[in-house]
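Have a look at coords_27.pdb; it's PDB, C-alpha atoms:
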```pdb
ATOM      1  CA  MET A  96      32.332 -46.945 -73.350  1.00  0.00           C
ATOM      2  CA  SER A  97      31.909 -43.253 -74.074  1.00  0.00           C
ATOM      3  CA  SER A  98      28.153 -43.435 -74.539  1.00  0.00           C
ATOM      4  CA  LYS A  99      25.843 -40.750 -73.151  1.00  0.00           C
ATOM      5  CA  GLY A 100      24.535 -43.281 -70.662  1.00  0.00           C
ATOM      6  CA  ASN A 101      27.969 -43.400 -69.032  1.00  0.00           C
ATOM      7  CA  PHE A 102      28.109 -39.594 -68.806  1.00  0.00           C
ATOM      8  CA  SER A 103      25.035 -39.529 -66.516  1.00  0.00           C
ATOM      9  CA  LYS A 104      26.480 -42.041 -64.031  1.00  0.00           C
ATOM     10  CA  ARG A 105      27.396 -41.035 -60.493  1.00  0.00           C
ATOM     11  CA  TYR A 106      31.043 -41.614 -59.675  1.00  0.00           C
ATOM     12  CA  THR A 107      32.735 -42.197 -56.339  1.00  0.00           C
ATOM     13  CA  ALA A 108      35.107 -39.643 -54.835  1.00  0.00           C
ATOM     14  CA  GLU A 109      37.950 -42.126 -55.305  1.00  0.00           C
ATOM     15  CA  PHE A 110      37.187 -42.523 -59.026  1.00  0.00           C
ATOM     16  CA  LYS A 111      37.064 -38.743 -59.492  1.00  0.00           C
ATOM     17  CA  ARG A 112      40.350 -38.307 -57.629  1.00  0.00           C
ATOM     18  CA  ASP A 113      42.092 -40.938 -59.758  1.00  0.00           C
ATOM     19  CA  ALA A 114      40.637 -39.449 -62.943  1.00  0.00           C
ATOM     20  CA  VAL A 115      41.936 -36.005 -61.991  1.00  0.00           C
ATOM     21  CA  GLU A 116      45.418 -37.332 -61.240  1.00  0.00           C
ATOM     22  CA  LEU A 117      45.458 -39.130 -64.602  1.00  0.00           C
ATOM     23  CA  ALA A 118      44.349 -35.987 -66.450  1.00  0.00           C
ATOM     24  CA  LEU A 119      47.006 -33.849 -64.736  1.00  0.00           C
ATOM     25  CA  ALA A 120      49.793 -36.361 -65.286  1.00  0.00           C
ATOM     26  CA  SER A 121      48.927 -37.347 -68.847  1.00  0.00           C
ATOM     27  CA  ASP A 122      50.225 -35.785 -72.034  1.00  0.00           C
ATOM     28  CA  LYS A 123      46.791 -36.307 -73.531  1.00  0.00           C
ATOM     29  CA  THR A 124      44.102 -33.663 -73.596  1.00  0.00           C
ATOM     30  CA  VAL A 125      41.329 -33.747 -71.014  1.00  0.00           C
ATOM     31  CA  THR A 126      38.925 -34.789 -73.753  1.00  0.00           C
ATOM     32  CA  GLU A 127      41.099 -37.757 -74.730  1.00  0.00           C
ATOM     33  CA  VAL A 128      41.491 -38.847 -71.092  1.00  0.00           C
ATOM     34  CA  ALA A 129      37.742 -38.517 -70.544  1.00  0.00           C
ATOM     35  CA  ARG A 130      36.983 -40.653 -73.581  1.00  0.00           C
ATOM     36  CA  GLY A 131      39.416 -43.287 -72.353  1.00  0.00           C
ATOM     37  CA  LEU A 132      37.669 -43.351 -68.960  1.00  0.00           C
ATOM     38  CA  GLY A 133      34.192 -43.258 -70.478  1.00  0.00           C
ATOM     39  CA  VAL A 134      33.217 -40.023 -68.739  1.00  0.00           C
ATOM     40  CA  SER A 135      32.003 -36.650 -69.950  1.00  0.00           C
ATOM     41  CA  PRO A 136      34.852 -34.265 -70.942  1.00  0.00           C
ATOM     42  CA  GLU A 137      32.904 -31.422 -69.302  1.00  0.00           C
ATOM     43  CA  GLY A 138      32.588 -33.471 -66.137  1.00  0.00           C
ATOM     44  CA  LEU A 139      36.314 -34.258 -66.008  1.00  0.00           C
ATOM     45  CA  ARG A 140      37.208 -30.610 -66.586  1.00  0.00           C
ATOM     46  CA  GLY A 141      34.974 -29.710 -63.666  1.00  0.00           C
ATOM     47  CA  TRP A 142      36.683 -32.284 -61.437  1.00  0.00           C
ATOM     48  CA  VAL A 143      40.122 -30.960 -62.417  1.00  0.00           C
ATOM     49  CA  LYS A 144      39.043 -27.362 -61.778  1.00  0.00           C
ATOM     50  CA  GLN A 145      37.652 -28.280 -58.360  1.00  0.00           C
ATOM     51  CA  ALA A 146      40.780 -30.257 -57.430  1.00  0.00           C
ATOM     52  CA  LYS A 147      42.995 -27.265 -58.254  1.00  0.00           C
ATOM     53  CA  ALA A 148      40.748 -24.994 -56.158  1.00  0.00           C
ATOM     54  CA  ASP A 149      41.032 -27.414 -53.225  1.00  0.00           C
ATOM     55  CA  ARG A 150      44.816 -27.242 -53.512  1.00  0.00           C
ATOM     56  CA  GLY A 151      44.795 -23.450 -53.626  1.00  0.00           C
ATOM     57  CA  GLU A 152      45.794 -23.447 -57.276  1.00  0.00           C
ATOM     58  CA  GLY A 153      42.458 -22.418 -58.758  1.00  0.00           C
ATOM     59  CA  PRO A 154      41.599 -19.042 -60.281  1.00  0.00           C
ATOM     60  CA  ALA A 155      40.193 -16.262 -58.118  1.00  0.00           C
ATOM     61  CA  GLY A 156      36.550 -16.713 -57.185  1.00  0.00           C
ATOM     62  CA  VAL A 157      36.526 -20.506 -57.424  1.00  0.00           C
ATOM     63  CA  LEU A 158      35.568 -21.999 -54.046  1.00  0.00           C
ATOM     64  CA  SER A 159      37.227 -25.049 -52.572  1.00  0.00           C
ATOM     65  CA  SER A 160      35.171 -28.086 -51.594  1.00  0.00           C
ATOM     66  CA  ASP A 161      35.346 -27.072 -47.910  1.00  0.00           C
ATOM     67  CA  GLU A 162      34.196 -23.550 -48.740  1.00  0.00           C
ATOM     68  CA  LYS A 163      31.322 -24.903 -50.812  1.00  0.00           C
ATOM     69  CA  GLU A 164      30.272 -27.196 -47.975  1.00  0.00           C
ATOM     70  CA  GLU A 165      30.358 -24.271 -45.536  1.00  0.00           C
ATOM     71  CA  LEU A 166      28.268 -22.192 -47.943  1.00  0.00           C
ATOM     72  CA  ARG A 167      25.708 -25.017 -48.221  1.00  0.00           C
ATOM     73  CA  ARG A 168      25.591 -25.260 -44.423  1.00  0.00           C
ATOM     74  CA  LEU A 169      24.963 -21.524 -44.056  1.00  0.00           C
ATOM     75  CA  ARG A 170      22.240 -21.616 -46.705  1.00  0.00           C
ATOM     76  CA  ARG A 171      20.618 -24.568 -44.956  1.00  0.00           C
ATOM     77  CA  LEU A 172      20.664 -22.712 -41.623  1.00  0.00           C
ATOM     78  CA  ARG A 173      19.145 -19.601 -43.209  1.00  0.00           C
ATOM     79  CA  ARG A 174      16.452 -21.719 -44.835  1.00  0.00           C
ATOM     80  CA  GLU A 175      15.666 -23.473 -41.538  1.00  0.00           C
ATOM     81  CA  ASN A 176      15.550 -20.154 -39.650  1.00  0.00           C
ATOM     82  CA  ARG A 177      13.256 -18.638 -42.275  1.00  0.00           C
ATOM     83  CA  GLU A 178      10.963 -21.685 -42.138  1.00  0.00           C
ATOM     84  CA  GLN A 179      10.874 -21.541 -38.331  1.00  0.00           C
ATOM     85  CA  GLN A 180       9.924 -17.865 -38.439  1.00  0.00           C
ATOM     86  CA  GLN A 181       7.216 -18.549 -41.024  1.00  0.00           C
ATOM     87  CA  THR A 182       5.883 -21.435 -38.930  1.00  0.00           C
ATOM     88  CA  ILE A 183       5.456 -19.083 -35.966  1.00  0.00           C
ATOM     89  CA  GLU A 184       3.684 -16.534 -38.187  1.00  0.00           C
ATOM     90  CA  ILE A 185       1.311 -19.180 -39.566  1.00  0.00           C
ATOM     91  CA  LEU A 186       0.498 -20.495 -36.082  1.00  0.00           C
ATOM     92  CA  LYS A 187      -0.326 -16.966 -34.916  1.00  0.00           C
ATOM     93  CA  LYS A 188      -2.619 -16.415 -37.898  1.00  0.00           C
ATOM     94  CA  ARG A 189      -4.284 -19.777 -37.392  1.00  0.00           C
ATOM     95  CA  SER A 190      -4.859 -19.163 -33.668  1.00  0.00           C
ATOM     96  CA  GLY A 191      -8.556 -18.644 -32.976  1.00  0.00           C
ATOM     97  CA  LEU A 192      -9.490 -19.503 -36.558  1.00  0.00           C
ATOM     98  CA  LEU A 193     -11.770 -22.436 -35.679  1.00  0.00           C
ATOM     99  CA  ARG A 194     -14.971 -22.149 -33.708  1.00  0.00           C
ATOM    100  CA  GLU A 195     -17.251 -24.807 -32.304  1.00  0.00           C
ATOM    101  CA  GLY A 196     -19.268 -26.455 -35.088  1.00  0.00           C
ATOM    102  CA  ASP A 197     -17.006 -25.268 -37.914  1.00  0.00           C
ATOM    103  CA  ASP A 198     -15.968 -27.608 -40.706  1.00  0.00           C
ATOM    104  CA  GLU A 199     -12.360 -27.954 -39.566  1.00  0.00           C
ATOM    105  CA  VAL A 200     -10.901 -29.347 -42.796  1.00  0.00           C
ATOM    106  CA  GLY A 201     -12.798 -26.885 -44.997  1.00  0.00           C
ATOM    107  CA  MET A 202     -11.821 -23.955 -42.776  1.00  0.00           C
ATOM    108  CA  LEU A 203      -8.153 -24.955 -42.765  1.00  0.00           C
ATOM    109  CA  CYS A 204      -8.162 -25.435 -46.551  1.00  0.00           C
ATOM    110  CA  ARG A 205      -9.629 -21.935 -46.988  1.00  0.00           C
ATOM    111  CA  PHE A 206      -6.936 -20.619 -44.640  1.00  0.00           C
ATOM    112  CA  ILE A 207      -4.191 -22.348 -46.674  1.00  0.00           C
ATOM    113  CA  ASP A 208      -5.645 -20.997 -49.917  1.00  0.00           C
ATOM    114  CA  ALA A 209      -5.727 -17.451 -48.547  1.00  0.00           C
ATOM    115  CA  GLU A 210      -2.173 -17.547 -47.181  1.00  0.00           C
ATOM    116  CA  LYS A 211      -0.347 -19.390 -49.986  1.00  0.00           C
ATOM    117  CA  ALA A 212       2.190 -17.585 -52.144  1.00  0.00           C
ATOM    118  CA  ALA A 213       0.692 -16.525 -55.472  1.00  0.00           C
ATOM    119  CA  GLU A 214       0.983 -13.817 -58.098  1.00  0.00           C
ATOM    120  CA  ASP A 215      -1.400 -11.631 -56.115  1.00  0.00           C
ATOM    121  CA  ASN A 216       0.203 -12.648 -52.801  1.00  0.00           C
ATOM    122  CA  PRO A 217       3.994 -12.750 -53.323  1.00  0.00           C
ATOM    123  CA  GLY A 218       4.584 -12.547 -49.579  1.00  0.00           C
ATOM    124  CA  GLY A 219       2.627 -15.740 -48.902  1.00  0.00           C
ATOM    125  CA  TYR A 220       3.882 -19.123 -47.768  1.00  0.00           C
ATOM    126  CA  SER A 221       4.504 -22.377 -49.600  1.00  0.00           C
ATOM    127  CA  VAL A 222       1.605 -24.822 -49.726  1.00  0.00           C
ATOM    128  CA  SER A 223       3.788 -27.600 -48.298  1.00  0.00           C
ATOM    129  CA  LEU A 224       4.661 -25.510 -45.208  1.00  0.00           C
ATOM    130  CA  LEU A 225       1.070 -24.325 -44.708  1.00  0.00           C
ATOM    131  CA  CYS A 226      -0.248 -27.882 -44.921  1.00  0.00           C
ATOM    132  CA  ARG A 227       2.374 -29.168 -42.509  1.00  0.00           C
ATOM    133  CA  VAL A 228       1.689 -26.459 -39.916  1.00  0.00           C
ATOM    134  CA  ALA A 229      -2.099 -26.716 -40.340  1.00  0.00           C
ATOM    135  CA  GLY A 230      -2.014 -30.514 -40.119  1.00  0.00           C
ATOM    136  CA  VAL A 231      -3.682 -31.006 -43.500  1.00  0.00           C
ATOM    137  CA  ASN A 232      -2.404 -33.435 -46.140  1.00  0.00           C
ATOM    138  CA  ARG A 233      -1.494 -31.709 -49.394  1.00  0.00           C
ATOM    139  CA  SER A 234      -3.672 -34.216 -51.273  1.00  0.00           C
ATOM    140  CA  THR A 235      -6.614 -33.173 -49.084  1.00  0.00           C
ATOM    141  CA  TYR A 236      -6.023 -29.487 -49.860  1.00  0.00           C
ATOM    142  CA  TYR A 237      -5.723 -30.073 -53.614  1.00  0.00           C
ATOM    143  CA  SER A 238      -8.865 -32.251 -53.577  1.00  0.00           C
ATOM    144  CA  TRP A 239     -10.711 -29.430 -51.797  1.00  0.00           C
ATOM    145  CA  LEU A 240      -9.342 -26.954 -54.341  1.00  0.00           C
ATOM    146  CA  ALA A 241     -10.607 -29.080 -57.238  1.00  0.00           C
ATOM    147  CA  THR A 242     -14.162 -29.195 -55.827  1.00  0.00           C
ATOM    148  CA  ARG A 243     -14.484 -25.435 -55.240  1.00  0.00           C
ATOM    149  CA  PRO A 244     -16.067 -24.548 -58.621  1.00  0.00           C
ATOM    150  CA  ALA A 245     -18.727 -27.242 -58.176  1.00  0.00           C
ATOM    151  CA  ALA A 246     -19.427 -26.115 -54.606  1.00  0.00           C
ATOM    152  CA  ALA A 247     -19.740 -22.482 -55.731  1.00  0.00           C
ATOM    153  CA  GLU A 248     -22.185 -23.492 -58.468  1.00  0.00           C
ATOM    154  CA  ARG A 249     -24.297 -25.446 -55.964  1.00  0.00           C
ATOM    155  CA  ARG A 250     -24.421 -22.445 -53.629  1.00  0.00           C
ATOM    156  CA  ARG A 251     -25.451 -20.173 -56.502  1.00  0.00           C
ATOM    157  CA  ALA A 252     -28.229 -22.548 -57.552  1.00  0.00           C
ATOM    158  CA  GLU A 253     -29.436 -22.897 -53.969  1.00  0.00           C
ATOM    159  CA  ASP A 254     -29.475 -19.106 -53.508  1.00  0.00           C
ATOM    160  CA  GLU A 255     -31.528 -18.691 -56.697  1.00  0.00           C
ATOM    161  CA  LEU A 256     -33.976 -21.373 -55.549  1.00  0.00           C
ATOM    162  CA  ALA A 257     -34.279 -19.814 -52.094  1.00  0.00           C
ATOM    163  CA  GLU A 258     -35.069 -16.437 -53.662  1.00  0.00           C
ATOM    164  CA  GLU A 259     -37.742 -18.009 -55.884  1.00  0.00           C
ATOM    165  CA  ILE A 260     -39.291 -19.714 -52.831  1.00  0.00           C
ATOM    166  CA  ARG A 261     -39.399 -16.375 -51.010  1.00  0.00           C
ATOM    167  CA  GLU A 262     -41.074 -14.721 -54.001  1.00  0.00           C
ATOM    168  CA  ILE A 263     -43.761 -17.450 -54.162  1.00  0.00           C
ATOM    169  CA  HIS A 264     -44.280 -17.238 -50.427  1.00  0.00           C
ATOM    170  CA  GLY A 265     -44.468 -13.432 -50.561  1.00  0.00           C
ATOM    171  CA  THR A 266     -46.884 -13.423 -53.485  1.00  0.00           C
ATOM    172  CA  SER A 267     -49.213 -15.674 -51.499  1.00  0.00           C
ATOM    173  CA  ARG A 268     -48.948 -13.172 -48.611  1.00  0.00           C
ATOM    174  CA  GLY A 269     -47.616 -15.935 -46.397  1.00  0.00           C
ATOM    175  CA  ALA A 270     -50.553 -18.237 -47.040  1.00  0.00           C
ATOM    176  CA  TYR A 271     -48.618 -20.967 -48.862  1.00  0.00           C
ATOM    177  CA  GLY A 272     -47.134 -23.796 -46.834  1.00  0.00           C
ATOM    178  CA  ALA A 273     -44.533 -26.299 -47.993  1.00  0.00           C
ATOM    179  CA  PRO A 274     -46.866 -28.418 -50.216  1.00  0.00           C
ATOM    180  CA  ARG A 275     -48.245 -25.431 -52.147  1.00  0.00           C
ATOM    181  CA  VAL A 276     -44.826 -23.764 -52.508  1.00  0.00           C
ATOM    182  CA  HIS A 277     -43.489 -27.076 -53.802  1.00  0.00           C
ATOM    183  CA  ALA A 278     -46.357 -27.316 -56.306  1.00  0.00           C
ATOM    184  CA  ALA A 279     -45.762 -23.735 -57.486  1.00  0.00           C
ATOM    185  CA  LEU A 280     -42.109 -24.496 -58.075  1.00  0.00           C
ATOM    186  CA  ARG A 281     -43.079 -27.523 -60.150  1.00  0.00           C
ATOM    187  CA  ARG A 282     -45.425 -25.392 -62.242  1.00  0.00           C
ATOM    188  CA  ASN A 283     -42.570 -22.934 -62.813  1.00  0.00           C
ATOM    189  CA  GLY A 284     -40.476 -25.764 -64.231  1.00  0.00           C
ATOM    190  CA  ARG A 285     -38.307 -26.329 -61.152  1.00  0.00           C
ATOM    191  CA  ALA A 286     -37.291 -29.986 -60.705  1.00  0.00           C
ATOM    192  CA  VAL A 287     -37.242 -30.006 -56.913  1.00  0.00           C
ATOM    193  CA  ASN A 288     -37.885 -32.393 -54.059  1.00  0.00           C
ATOM    194  CA  ARG A 289     -38.791 -31.953 -50.424  1.00  0.00           C
ATOM    195  CA  LYS A 290     -35.427 -32.744 -48.852  1.00  0.00           C
ATOM    196  CA  LYS A 291     -34.107 -30.286 -46.338  1.00  0.00           C
ATOM    197  CA  VAL A 292     -31.712 -27.791 -47.872  1.00  0.00           C
ATOM    198  CA  GLU A 293     -33.097 -24.276 -47.541  1.00  0.00           C
ATOM    199  CA  PRO A 294     -35.429 -23.633 -44.557  1.00  0.00           C
ATOM    200  CA  ILE A 295     -37.822 -20.747 -45.381  1.00  0.00           C
ATOM    201  CA  PRO A 296     -40.182 -19.523 -42.607  1.00  0.00           C
ATOM    202  CA  CYS A 297     -43.789 -19.294 -43.832  1.00  0.00           C
ATOM    203  CA  LEU A 298     -47.377 -19.936 -42.789  1.00  0.00           C
ATOM    204  CA  SER A 299     -49.002 -23.327 -43.192  1.00  0.00           C
ATOM    205  CA  ASP A 300     -52.453 -23.732 -44.712  1.00  0.00           C
ATOM    206  CA  SER A 301     -53.839 -23.732 -41.165  1.00  0.00           C
ATOM    207  CA  GLY A 302     -52.234 -20.363 -40.437  1.00  0.00           C
ATOM    208  CA  GLU A 303     -49.427 -21.691 -38.197  1.00  0.00           C
ATOM    209  CA  THR A 304     -45.801 -20.675 -38.735  1.00  0.00           C
ATOM    210  CA  GLN A 305     -43.622 -23.419 -40.224  1.00  0.00           C
ATOM    211  CA  LYS A 306     -40.547 -23.811 -42.440  1.00  0.00           C
ATOM    212  CA  VAL A 307     -40.405 -24.922 -46.031  1.00  0.00           C
ATOM    213  CA  TYR A 308     -37.573 -27.304 -46.943  1.00  0.00           C
ATOM    214  CA  ILE A 309     -36.838 -27.409 -50.665  1.00  0.00           C
ATOM    215  CA  SER A 310     -33.745 -28.497 -52.570  1.00  0.00           C
ATOM    216  CA  LEU A 311     -32.594 -28.992 -56.151  1.00  0.00           C
ATOM    217  CA  ILE A 312     -32.606 -32.611 -57.354  1.00  0.00           C
TER     218      ILE A 312
END
```

With the file now loaded, output its structure as structure tokens.
Amino acid sequence: MSSKGNFSKRYTAEFKRDAVELALASDKTVTEVARGLGVSPEGLRGWVKQAKADRGEGPAGVLSSDEKEELRRLRRLRRENREQQQTIEILKKRSGLLREGDDEVGMLCRFIDAEKAAEDNPGGYSVSLLCRVAGVNRSTYYSWLATRPAAAERRRAEDELAEEIREIHGTSRGAYGAPRVHAALRRNGRAVNRKKVEPIPCLSDSGETQKVYISLI
């Protein structure tokens, strides 16, 4: 009956009150009473201490149950006021963030990432609050966060390819069009296709201005 499993149980206020009265009225030690009830001795001592504080019999500095409840209420109000103030701050920062044609989810995720509390930004906000105010699911933000390294690598590769295309086009003095630029890339060992990724203005073989569309496979 005095197993550890019983010590982790949640007890009703009535049970605690009866246990306290038994401990105070008994000639047995608190530990013996606790074992007889199948509760933790530390837990019963805490109940007895709290009961004495509620009766005004506790040592100085021990709060009564009513005082503890009032303290919890004040803390909750402070937390709610702080969250309300932070919500207003976030809304002001978010105002005017999006423009026509922007990737809304990506932009909001970048905003959340920039404003979240971190070691280098101790004055930031919690991710849960930012997501709630921005209207973005936390799972969406964390999914976006996980794909950032891959996206950065793709951008780097595309920038390198674009620079190589410009060099080929410049070396030809603007004479190479898309087919010949594509062929030159192949000769240089670039596994590329003709899908549209990076538009590069150049001259076609007929001398007319056109754009080259090349992308990594």

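Between atom CA of A:Val125 and atom CA of A:Val143 lies a distance of 9.1 Å.
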
Selection near stretch 158-165 of chain A, 9 Å with all atoms listed in the file, sequence-local residues under 3 positions removed, as a PyMOL selection string: chain A and resi 145-151+153+155+168-170

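Atom CA of A:Ile183 to atom CA of A:Ala213 spans 20.2 Å [interatomic distance, one decimal].
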
Return as a PyMOL selection string the set of residues that the PyMOL selection byres ((chain A and resi 222-235) around 6) yields on the displayed structure. chain A and resi 207+211+221+236-238

Only C-alpha atoms, please: the residues just picked out, written as a short mmCIF file (atom, residue, chain, number, x, y, z; two decimals), in the frame of the given file.
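Contents of part21.cif, freshly written:
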```
data_model
loop_
_atom_site.label_atom_id
_atom_site.label_comp_id
_atom_site.auth_asym_id
_atom_site.auth_seq_id
_atom_site.Cartn_x
_atom_site.Cartn_y
_atom_site.Cartn_z
CA ILE A 207 -4.19 -22.35 -46.67
CA LYS A 211 -0.35 -19.39 -49.99
CA SER A 221 4.50 -22.38 -49.60
CA TYR A 236 -6.02 -29.49 -49.86
CA TYR A 237 -5.72 -30.07 -53.61
CA SER A 238 -8.86 -32.25 -53.58
#
```

Computed interatomic separation between atom CA of A:Asp208 and atom CA of A:Lys188 (Å): 13.2 Å

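Minimum distance to A:Ser267 across A:Ala114, A:Ala212, A:Val200, A:Ala279 (counting all atoms listed in the file) occurs at A:Ala279.
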
Put the listed atoms of stretch 160-163 of chain A in a box along x, y and z with 8 Å added on every side and give me the centre and edge lengths in Å to one decimal, as JSON.
```
{"center_x": 33.3, "center_y": -25.8, "center_z": -49.8, "size_x": 20.0, "size_y": 20.5, "size_z": 19.7}
```

Which residue, A:Tyr220, A:Arg112, A:Trp142, A:Ser135, has the smallest gap to A:Thr182 when you use all atoms listed in the file? A:Tyr220

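With only C-alpha atoms as the atoms that count, the residue of A:Phe110, A:Ile185, A:Glu258, A:Arg173 with the shortest distance to A:Glu210 is A:Ile185.
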
Please determine the residues with any atom at most 12 Å from (43.3, -38.3, -63.6) (coordinates as given in the file, with all atoms listed in the file counting) and report them as an MDAnalysis selection string. chainID A and resid 109:129 131:132 134 136 139:144 146

For the residues selected in the previous step, produce a file with C-alpha atoms as a short mmCIF file (atom, residue, chain, number, x, y, z; two decimals), keeping the file's coordinate frame.
```cif
data_model
loop_
_atom_site.label_atom_id
_atom_site.label_comp_id
_atom_site.auth_asym_id
_atom_site.auth_seq_id
_atom_site.Cartn_x
_atom_site.Cartn_y
_atom_site.Cartn_z
CA GLU A 109 37.95 -42.13 -55.30
CA PHE A 110 37.19 -42.52 -59.03
CA LYS A 111 37.06 -38.74 -59.49
CA ARG A 112 40.35 -38.31 -57.63
CA ASP A 113 42.09 -40.94 -59.76
CA ALA A 114 40.64 -39.45 -62.94
CA VAL A 115 41.94 -36.01 -61.99
CA GLU A 116 45.42 -37.33 -61.24
CA LEU A 117 45.46 -39.13 -64.60
CA ALA A 118 44.35 -35.99 -66.45
CA LEU A 119 47.01 -33.85 -64.74
CA ALA A 120 49.79 -36.36 -65.29
CA SER A 121 48.93 -37.35 -68.85
CA ASP A 122 50.22 -35.78 -72.03
CA LYS A 123 46.79 -36.31 -73.53
CA THR A 124 44.10 -33.66 -73.60
CA VAL A 125 41.33 -33.75 -71.01
CA THR A 126 38.92 -34.79 -73.75
CA GLU A 127 41.10 -37.76 -74.73
CA VAL A 128 41.49 -38.85 -71.09
CA ALA A 129 37.74 -38.52 -70.54
CA GLY A 131 39.42 -43.29 -72.35
CA LEU A 132 37.67 -43.35 -68.96
CA VAL A 134 33.22 -40.02 -68.74
CA PRO A 136 34.85 -34.26 -70.94
CA LEU A 139 36.31 -34.26 -66.01
CA ARG A 140 37.21 -30.61 -66.59
CA GLY A 141 34.97 -29.71 -63.67
CA TRP A 142 36.68 -32.28 -61.44
CA VAL A 143 40.12 -30.96 -62.42
CA LYS A 144 39.04 -27.36 -61.78
CA ALA A 146 40.78 -30.26 -57.43
#
```
